$ cat input.txt   # compact mmCIF, C-alpha atoms
# COMPACT_ATOMS: atom_id res chain seq x y z
CA MET A 1 64.13 74.60 104.26
CA ASN A 2 63.75 73.00 107.70
CA ASP A 3 65.26 74.17 110.97
CA THR A 4 68.23 71.82 110.76
CA SER A 5 69.28 72.92 107.31
CA ARG A 6 68.69 76.52 108.27
CA ASP A 7 70.92 76.13 111.32
CA SER A 8 73.54 74.41 109.19
CA LEU A 9 73.49 77.28 106.71
CA GLU A 10 73.67 79.91 109.46
CA GLU A 11 76.61 78.09 110.98
CA ARG A 12 78.47 77.97 107.69
CA LEU A 13 77.81 81.66 107.05
CA ALA A 14 79.04 82.56 110.51
CA GLN A 15 82.27 80.66 109.94
CA LEU A 16 83.21 82.61 106.83
CA PRO A 17 86.24 84.85 107.45
CA HIS A 18 85.44 88.56 107.59
CA GLU A 19 88.86 89.49 106.31
CA VAL A 20 89.98 88.66 102.77
CA SER A 21 93.23 90.08 101.47
CA PRO A 22 93.02 91.54 97.95
CA ALA A 23 95.27 89.76 95.47
CA ALA A 24 96.73 93.07 94.30
CA ASN A 25 98.22 95.82 96.43
CA LEU A 26 95.60 98.56 96.12
CA TRP A 27 97.51 101.15 98.13
CA PRO A 28 99.64 102.65 95.28
CA ALA A 29 96.52 103.52 93.28
CA ILE A 30 94.81 104.96 96.37
CA GLN A 31 97.91 106.96 97.24
CA SER A 32 98.16 108.34 93.72
CA ARG A 33 94.54 109.43 93.80
CA ILE A 34 94.74 111.17 97.15
CA GLU A 35 97.96 112.89 96.14
CA LEU A 36 96.69 114.03 92.73
CA ARG A 37 95.71 117.24 94.35
CA SER A 38 96.36 118.71 97.75
CA ARG A 39 93.51 119.03 100.17
CA ARG A 40 91.82 122.41 100.29
CA PRO A 41 88.39 123.89 100.87
CA ARG A 42 86.02 123.03 98.03
CA PRO A 43 83.59 125.54 96.50
CA VAL A 44 80.29 124.55 94.96
CA LEU A 45 80.73 122.06 92.16
CA LEU A 46 79.40 124.05 89.25
CA ALA A 47 81.13 127.23 90.26
CA ALA A 48 84.35 125.26 90.46
CA CYS A 49 83.85 123.75 87.02
CA VAL A 50 83.09 127.11 85.48
CA ALA A 51 86.09 128.60 87.25
CA ALA A 52 88.30 125.84 85.88
CA ALA A 53 87.02 126.48 82.38
CA ALA A 54 87.53 130.22 82.85
CA ALA A 55 91.10 129.58 83.97
CA CYS A 56 91.67 127.63 80.79
CA LEU A 57 90.22 130.40 78.69
CA ALA A 58 92.63 132.76 80.43
CA SER A 59 95.47 130.38 79.60
CA MET A 60 94.37 130.30 75.97
CA PHE A 61 94.24 134.10 75.90
CA THR A 62 97.73 134.34 77.36
CA TRP A 63 98.99 131.86 74.81
CA ALA A 64 97.29 133.75 71.96
CA VAL A 65 99.00 136.98 73.05
CA LEU A 66 102.34 135.22 73.31
CA ARG A 67 101.90 133.71 69.88
CA ARG A 68 101.17 137.12 68.42
CA VAL A 69 104.29 138.56 70.03
CA GLN A 70 106.59 135.67 69.16
CA ALA A 71 105.24 134.70 65.74
CA PRO A 72 103.51 137.55 63.98
CA ASP A 73 103.21 135.57 60.77
CA GLY A 74 101.09 132.97 62.46
CA LEU A 75 101.63 129.68 64.17
CA PRO A 76 104.95 128.15 63.22
CA ALA A 77 104.96 124.69 61.72
CA LEU A 78 105.02 121.88 64.24
CA ALA A 79 108.62 121.16 65.10
CA GLY A 80 108.19 117.45 65.59
CA VAL A 81 108.92 115.87 68.92
CA GLY A 82 109.17 118.49 71.62
CA THR A 83 111.31 118.39 74.72
CA PHE A 84 108.43 118.90 77.13
CA GLN A 85 107.28 115.78 78.90
CA GLU A 86 103.78 114.32 78.82
CA PRO A 87 103.11 112.62 82.18
CA GLY A 88 104.21 109.07 81.50
CA ASP A 89 104.54 107.53 84.93
CA ALA A 90 102.57 104.27 84.99
CA LYS A 91 101.17 104.94 88.46
CA TYR A 92 100.03 108.38 87.41
CA ILE A 93 98.41 107.09 84.23
CA LYS A 94 96.62 104.30 86.05
CA ALA A 95 95.36 106.66 88.73
CA ARG A 96 94.22 109.14 86.12
CA GLU A 97 92.36 106.44 84.17
CA SER A 98 90.72 105.21 87.32
CA LEU A 99 89.64 108.74 88.22
CA GLN A 100 88.31 109.31 84.70
CA GLN A 101 86.26 106.12 84.89
CA THR A 102 84.78 107.08 88.22
CA PHE A 103 84.10 110.58 86.92
CA ARG A 104 82.18 109.16 83.95
CA GLU A 105 80.13 106.90 86.20
CA ARG A 106 79.35 109.67 88.66
CA LEU A 107 78.51 112.12 85.90
CA MET A 108 75.63 109.87 84.92
CA LEU A 109 74.15 110.36 88.38
CA LEU A 110 73.76 114.11 87.88
CA GLU A 111 70.84 116.02 86.42
CA PRO A 112 71.07 116.43 82.62
CA GLY A 113 71.43 120.21 82.91
CA THR A 114 74.28 119.97 85.41
CA ARG A 115 75.88 117.23 83.37
CA ALA A 116 75.76 119.37 80.23
CA LYS A 117 77.45 122.29 81.99
CA ILE A 118 80.19 120.05 83.31
CA GLU A 119 80.70 118.46 79.89
CA SER A 120 80.89 121.96 78.42
CA SER A 121 83.51 123.04 80.97
CA LEU A 122 85.48 119.89 80.30
CA ALA A 123 85.39 120.57 76.55
CA VAL A 124 86.79 124.08 77.13
CA ILE A 125 89.57 122.69 79.29
CA ARG A 126 90.47 120.00 76.79
CA HIS A 127 90.39 122.44 73.89
CA ALA A 128 92.74 124.76 75.76
CA HIS A 129 94.98 121.88 76.71
CA GLU A 130 95.21 120.66 73.13
CA ASP A 131 95.89 124.14 71.75
CA ILE A 132 98.66 124.73 74.25
CA ARG A 133 100.08 121.26 73.65
CA ARG A 134 100.33 122.01 69.93
CA ALA A 135 102.00 125.33 70.68
CA LEU A 136 104.48 123.49 72.88
CA LEU A 137 105.34 121.15 70.05
CA ALA A 138 106.30 124.21 68.08
CA ASP A 139 108.09 125.87 70.96
CA PRO A 140 109.02 123.11 73.43
CA SER A 141 111.42 125.22 75.45
CA SER A 142 108.86 127.87 76.43
CA PRO A 143 108.46 127.86 80.22
CA VAL A 144 105.31 129.98 79.95
CA LEU A 145 103.63 127.51 77.64
CA GLU A 146 104.80 124.66 79.84
CA ASP A 147 103.18 126.33 82.85
CA LEU A 148 99.96 126.95 80.95
CA TRP A 149 99.92 123.39 79.67
CA GLN A 150 100.40 121.95 83.13
CA SER A 151 97.76 124.29 84.47
CA THR A 152 95.14 122.93 82.06
CA LEU A 153 96.18 119.40 82.96
CA HIS A 154 95.59 120.15 86.63
CA ASP A 155 92.30 121.87 85.83
CA GLU A 156 91.04 118.75 84.11
CA ILE A 157 91.99 116.52 87.03
CA ASP A 158 90.55 119.07 89.40
CA LEU A 159 87.23 118.95 87.59
CA TYR A 160 87.14 115.12 87.71
CA ASP A 161 87.96 115.21 91.36
CA ARG A 162 85.30 117.76 92.21
CA VAL A 163 82.58 115.81 90.43
CA VAL A 164 83.62 112.57 92.14
CA GLU A 165 83.71 114.27 95.49
CA ALA A 166 80.43 116.13 95.02
CA THR A 167 78.62 112.94 94.05
CA GLN A 168 80.03 110.95 96.94
CA PRO A 169 77.18 110.13 99.31
CA ALA A 170 77.39 111.79 102.72
CA VAL A 171 79.63 109.85 105.07
CA ARG A 172 79.22 111.76 108.31
CA THR A 173 78.45 109.45 111.23
CA MET B 1 104.79 111.96 102.24
CA MET B 2 103.78 114.15 105.14
CA TYR B 3 101.17 116.82 104.76
CA GLY B 4 100.50 117.47 108.40
CA ASP B 5 102.96 118.97 110.81
CA ARG B 6 102.52 116.95 113.95
CA GLY B 7 104.95 116.78 116.78
CA ALA B 8 104.75 113.01 117.18
CA GLN B 9 104.38 111.04 113.99
CA ALA B 10 101.92 108.17 114.01
CA ASP B 11 103.32 104.79 112.96
CA ALA B 12 102.07 101.25 112.44
CA SER B 13 102.03 100.56 116.18
CA SER B 14 99.98 103.64 116.98
CA GLU B 15 96.44 103.40 118.30
CA PRO B 16 93.77 103.74 115.60
CA SER B 17 92.65 107.01 117.16
CA GLN B 18 96.15 108.45 116.75
CA LEU B 19 96.34 107.29 113.16
CA ILE B 20 92.89 108.68 112.42
CA SER B 21 93.80 112.02 113.95
CA ALA B 22 97.07 112.21 112.03
CA ALA B 23 95.42 111.17 108.77
CA ALA B 24 92.68 113.75 109.27
CA ASP B 25 95.48 116.34 109.45
CA GLY B 26 96.70 115.18 106.06
CA ASP B 27 99.30 112.59 107.05
CA VAL B 28 99.26 110.12 104.16
CA ALA B 29 101.64 107.72 105.94
CA ALA B 30 99.21 107.46 108.86
CA PHE B 31 96.40 106.81 106.43
CA GLU B 32 98.45 104.06 104.82
CA HIS B 33 98.72 102.38 108.23
CA LEU B 34 94.95 102.58 108.51
CA TYR B 35 94.65 101.07 105.06
CA ARG B 36 96.98 98.20 106.02
CA ARG B 37 94.95 97.61 109.15
CA TYR B 38 91.47 97.65 107.61
CA SER B 39 91.88 96.82 103.90
CA ALA B 40 91.32 93.08 104.24
CA ARG B 41 88.09 93.64 106.12
CA ILE B 42 86.84 96.23 103.65
CA TYR B 43 87.90 94.16 100.64
CA GLY B 44 86.20 91.10 102.12
CA LEU B 45 82.99 93.05 102.54
CA CYS B 46 83.19 94.48 99.00
CA LEU B 47 84.01 91.06 97.54
CA ARG B 48 80.94 89.51 99.16
CA LEU B 49 78.69 92.43 98.26
CA THR B 50 79.74 92.57 94.60
CA GLY B 51 80.54 88.90 94.03
CA ASN B 52 83.29 90.06 91.70
CA ARG B 53 87.00 90.55 92.37
CA GLU B 54 87.56 93.46 90.02
CA ALA B 55 84.52 95.32 91.28
CA ALA B 56 85.59 94.62 94.85
CA GLU B 57 89.02 96.11 94.20
CA ASP B 58 87.47 99.22 92.63
CA CYS B 59 85.05 99.65 95.51
CA THR B 60 87.79 99.15 98.09
CA GLN B 61 89.83 101.88 96.44
CA GLU B 62 86.87 104.22 96.22
CA ALA B 63 85.98 103.54 99.83
CA PHE B 64 89.43 104.44 101.11
CA ILE B 65 89.64 107.53 98.90
CA ALA B 66 86.22 108.65 100.14
CA ALA B 67 87.31 107.94 103.72
CA TRP B 68 90.43 110.07 103.23
CA ARG B 69 88.33 112.98 102.01
CA ALA B 70 85.82 112.62 104.80
CA LEU B 71 88.20 111.95 107.68
CA GLN B 72 87.81 115.43 109.08
CA LYS B 73 84.08 114.75 109.39
CA PHE B 74 84.61 111.53 111.35
CA GLU B 75 83.30 112.30 114.79
CA GLY B 76 83.90 108.97 116.48
CA ARG B 77 80.25 108.34 117.22
CA SER B 78 80.70 104.90 115.71
CA SER B 79 83.89 102.86 115.52
CA PHE B 80 86.24 103.65 112.66
CA SER B 81 85.65 100.15 111.30
CA THR B 82 81.88 100.63 111.29
CA TRP B 83 82.31 104.02 109.61
CA LEU B 84 84.57 102.51 106.95
CA HIS B 85 82.06 99.71 106.39
CA SER B 86 79.28 102.21 105.75
CA ILE B 87 81.49 104.05 103.23
CA ALA B 88 82.35 100.78 101.49
CA ILE B 89 78.68 99.84 101.24
CA ARG B 90 77.93 103.24 99.69
CA ALA B 91 80.82 102.77 97.27
CA VAL B 92 79.32 99.46 96.16
CA LEU B 93 75.86 100.95 95.78
CA SER B 94 77.18 104.05 93.96
CA ARG B 95 79.24 101.99 91.58
CA ARG B 96 76.30 99.79 90.75
CA LYS B 97 74.00 102.77 90.25
CA GLY B 98 76.52 104.53 88.04
CA LEU B 99 77.07 101.50 85.85
CA ARG B 100 73.37 100.77 85.56
CA ALA B 101 72.74 104.27 84.27
CA LYS B 102 74.91 103.55 81.25
CA PHE B 103 74.11 99.96 80.44
CA GLU B 104 72.59 96.90 81.96
CA VAL B 105 75.15 95.11 84.07
CA PRO B 106 74.95 91.34 83.95
CA GLU B 107 75.00 89.35 87.13
CA PRO B 108 78.54 88.33 87.98
CA SER B 109 79.61 85.35 85.94
CA THR B 110 83.27 86.23 85.71
CA GLY B 111 85.58 87.43 88.40
CA MET B 112 83.75 85.37 90.97
CA PRO B 113 85.68 84.44 94.09
CA GLU B 114 88.32 81.76 93.58
CA ARG B 115 90.17 79.71 96.13
CA SER B 116 93.20 81.95 95.67
CA ASP B 117 91.12 84.88 96.96
CA PHE B 118 90.99 83.25 100.34
CA ALA B 119 94.62 82.26 100.75
CA GLY B 120 95.47 81.73 104.39
CA SER B 121 91.91 80.97 105.41
CA THR B 122 89.77 77.87 105.19
CA PRO B 123 86.78 79.01 103.23
CA ALA B 124 83.86 77.06 101.91
CA LEU B 125 84.39 77.98 98.28
CA ASP B 126 81.09 76.45 97.20
CA LEU B 127 79.32 78.67 99.71
CA GLU B 128 81.25 81.76 98.56
CA ARG B 129 80.38 81.10 94.95
CA ALA B 130 76.74 80.43 95.80
CA ILE B 131 76.62 83.77 97.62
CA ALA B 132 78.22 85.53 94.64
CA ALA B 133 75.59 84.02 92.34
CA LEU B 134 72.65 85.31 94.41
CA PRO B 135 70.52 88.13 93.01
CA GLU B 136 72.07 91.42 94.01
CA ALA B 137 69.48 92.62 96.52
CA ALA B 138 69.35 89.26 98.27
CA ARG B 139 73.13 89.03 98.30
CA HIS B 140 73.55 92.44 99.87
CA VAL B 141 71.21 91.61 102.74
CA LEU B 142 72.66 88.15 103.30
CA VAL B 143 76.21 89.51 103.40
CA LEU B 144 75.42 92.26 105.88
CA VAL B 145 73.07 90.33 108.16
CA GLY B 146 74.19 86.74 107.67
CA ILE B 147 77.96 87.21 107.54
CA TYR B 148 78.84 90.59 109.03
CA GLY B 149 76.26 90.53 111.80
CA TYR B 150 74.30 93.68 111.00
CA SER B 151 70.83 93.95 112.50
CA HIS B 152 67.98 94.26 110.03
CA ALA B 153 67.62 97.92 110.98
CA GLU B 154 71.32 98.59 110.37
CA ALA B 155 71.37 96.70 107.08
CA ALA B 156 68.19 98.41 105.89
CA ALA B 157 69.60 101.84 106.75
CA ASN B 158 72.86 101.15 104.92
CA LEU B 159 71.16 99.68 101.88
CA LYS B 160 68.44 102.35 101.91
CA ILE B 161 65.61 99.82 101.92
CA ALA B 162 62.74 99.15 104.30
CA ALA B 163 63.37 96.78 107.22
CA GLY B 164 60.57 94.55 105.94
CA THR B 165 62.24 94.34 102.54
CA CYS B 166 65.46 93.45 104.28
CA LYS B 167 63.81 90.53 106.09
CA ALA B 168 62.12 89.33 102.93
CA GLN B 169 65.38 89.46 100.99
CA LEU B 170 67.20 87.54 103.71
CA HIS B 171 64.55 84.83 103.61
CA ARG B 172 64.84 84.69 99.84
CA ALA B 173 68.63 84.53 100.01
CA ARG B 174 68.55 81.65 102.48
CA GLN B 175 66.12 79.72 100.31
CA LEU B 176 68.23 80.21 97.22
CA LEU B 177 71.42 79.30 99.05
CA ALA B 178 69.89 76.18 100.55
CA HIS B 179 68.76 75.15 97.09
CA ALA B 180 72.16 75.87 95.55
CA LEU B 181 73.94 73.94 98.29
CA ASP B 182 71.45 71.04 98.37
CA LEU B 183 70.54 71.72 101.97
CA GLU B 184 66.81 71.66 101.50
CA ASP B 185 66.27 68.02 102.40
CA THR B 186 68.76 67.68 105.21
$ encode --input "input.txt" --output "structure tokens"
Amino acid sequence: MNDTSRDSLEERLAQLPHEVSPAANLWPAIQSRIELRSRRPRPVLLAACVAAAAACLASMFTWAVLRRVQAPDGLPALAGVGTFQEPGDAKYIKARESLQQTFRERLMLLEPGTRAKIESSLAVIRHAHEDIRRALLADPSSPVLEDLWQSTLHDEIDLYDRVVEATQPAVRT
Amino acid sequence: MMYGDRGAQADASSEPSQLISAAADGDVAAFEHLYRRYSARIYGLCLRLTGNREAAEDCTQEAFIAAWRALQKFEGRSSFSTWLHSIAIRAVLSRRKGLRAKFEVPEPSTGMPERSDFAGSTPALDLERAIAALPEAARHVLVLVGIYGYSHAEAAANLKIAAGTCKAQLHRARQLLAHALDLEDT
């Protein structure tokens, strides 16, 4: 490449616009993500994950006690469609999927041991969530179960969020 | 939605410093004004760095979310735009690293910039597509140094490569671009 062609290329590069508007409005997804959880001081990642799993175990214990009190003969048969609401808002679902994808990508950046502990915590949370969801199907009007169910939902999002945040490179300038 | 409790609310006409301060206090509306002000610049950077629209959208989102979380750490030692740029570059690098850990990512052959991406401007689409088709490392350096005016030292620091590597990649990128655009014999 001679000087003339080099200058021509430099000139063309310099003329490219720095600003390009995205075709889609990205703000709703960003807003959903930053509002998924309120801002608060963050403990160390692993401790937070273990704490989230422990909270779920506590929820499961509470549910088990309630089940024993309310249904001594065992878990009642599933009552079909419950009245409790799974989060169905499209913005929420999209934001959640986006967060899950980022979580999966960031998880791969962690050491295998750390990754295994986080996966284990996530499994506990999901197990608790599923157990409580099934209990809600049987007893959809229970506010206690509803609270527990929502709590596990938040714990799962919280765990995603903490991993994403902890694996974000430092941005202090 | 207001998280912060500030006496005077920041709005679209506010100075960036006011918006930054309000957003750092948790004011999502102020942060949205910052997004409106800087999103085209950040998306443009991500689009050039990734060479792929979908990836650029993801990285733009990640950059703004990371910026929101880190706003309280912003000390104003660089301009807000420069700070956002550095976050966007890290988002691009993080995304690439994360994807590569799972499977080999092909060079962008779909989602490359189209004319509709540059509505309202007068771009050289052939040049944009030639940039998108460059090898990743060469593309990153060319975009930062050749288009966005970074010095080699700044680009090297952001891309976490040696300054010498940066210069070599820029040379390589120019050669490949000249070849792609038939500029070699002019």
$ closest_residue --input "input.txt" --among "B:Ala155, B:Cys46, B:Ile87, B:Ile161" --to "chain A" --atoms "all atoms listed in the file"
B:Ile87
$ atom_distance --input "input.txt" --atom1 "atom CA of Leu49 of chain B" --atom2 "atom CA of Arg104 of chain A"
22.3 Å
$ atom_distance --input "input.txt" --atom1 "atom CA of Gln100 of chain A" --atom2 "atom CA of Val20 of chain A"
27.5 Å
$ atom_distance --input "input.txt" --atom1 "atom CA of Asp7 of chain A" --atom2 "atom CA of Leu183 of chain B"
10.3 Å
$ residues_near_point --input "input.txt" --point "(86.6, 90.0, 98.3)" --cutoff "6 Å" --atoms "all atoms listed in the file" --output "PyMOL selection string"
(chain A and resi 20) or (chain B and resi 43-44+46-48+53+56)
$ residues_near_point --input "input.txt" --point "(80.7, 110.3, 82.2)" --cutoff "10 Å" --atoms "only C-alpha atoms" --output "ChimeraX atom specification"
/A:100-110,115,118-119,160 /B:98,102
$ closest_residue --input "input.txt" --among "B:Lys160, B:His152, B:Arg36, B:His140" --to "chain A" --atoms "all atoms listed in the file"
B:Arg36
$ residues_around --input "input.txt" --residues "Asn158 of chain B" --least-positions-apart "2" --cutoff "12 Å" --atoms "all atoms listed in the file" --output "PyMOL selection string"
(chain A and resi 169-171+173) or (chain B and resi 82-93+140-141+144-145+150-156+160-163+166)
$ closest_residue --input "input.txt" --among "A:Ala138, A:Ala90, A:Ala95, A:Val163" --to "Ser121 of chain A" --atoms "only C-alpha atoms"
A:Val163
$ closest_residue --input "input.txt" --among "B:Ala40, B:Ala157, B:Val143, B:Leu125" --to "chain A" --atoms "all atoms listed in the file"
B:Ala40
$ closest_residue --input "input.txt" --among "B:Leu170, B:Asp27, B:Asp126, B:Gln175" --to "chain A" --atoms "only C-alpha atoms"
B:Gln175
$ residues_around --input "input.txt" --residues "His171 of chain B" --least-positions-apart "6" --cutoff "10 Å" --atoms "only C-alpha atoms" --output "list of chain:residue names"
B:Ala138, B:Val141, B:Leu142, B:Thr165, B:Leu177
$ write_last_selection --input "input.txt" --atoms "C-alpha atoms" --output "mmCIF file, in the coordinates of the input"
data_model
loop_
_atom_site.group_PDB
_atom_site.id
_atom_site.type_symbol
_atom_site.label_atom_id
_atom_site.label_comp_id
_atom_site.auth_asym_id
_atom_site.auth_seq_id
_atom_site.Cartn_x
_atom_site.Cartn_y
_atom_site.Cartn_z
ATOM 1 C CA ALA B 138 69.350 89.260 98.270
ATOM 2 C CA VAL B 141 71.210 91.610 102.740
ATOM 3 C CA LEU B 142 72.660 88.150 103.300
ATOM 4 C CA THR B 165 62.240 94.340 102.540
ATOM 5 C CA LEU B 177 71.420 79.300 99.050
#
$ closest_residue --input "input.txt" --among "A:Ala128, A:Leu159, A:Ala123, A:Val164" --to "chain B" --atoms "only C-alpha atoms"
A:Val164
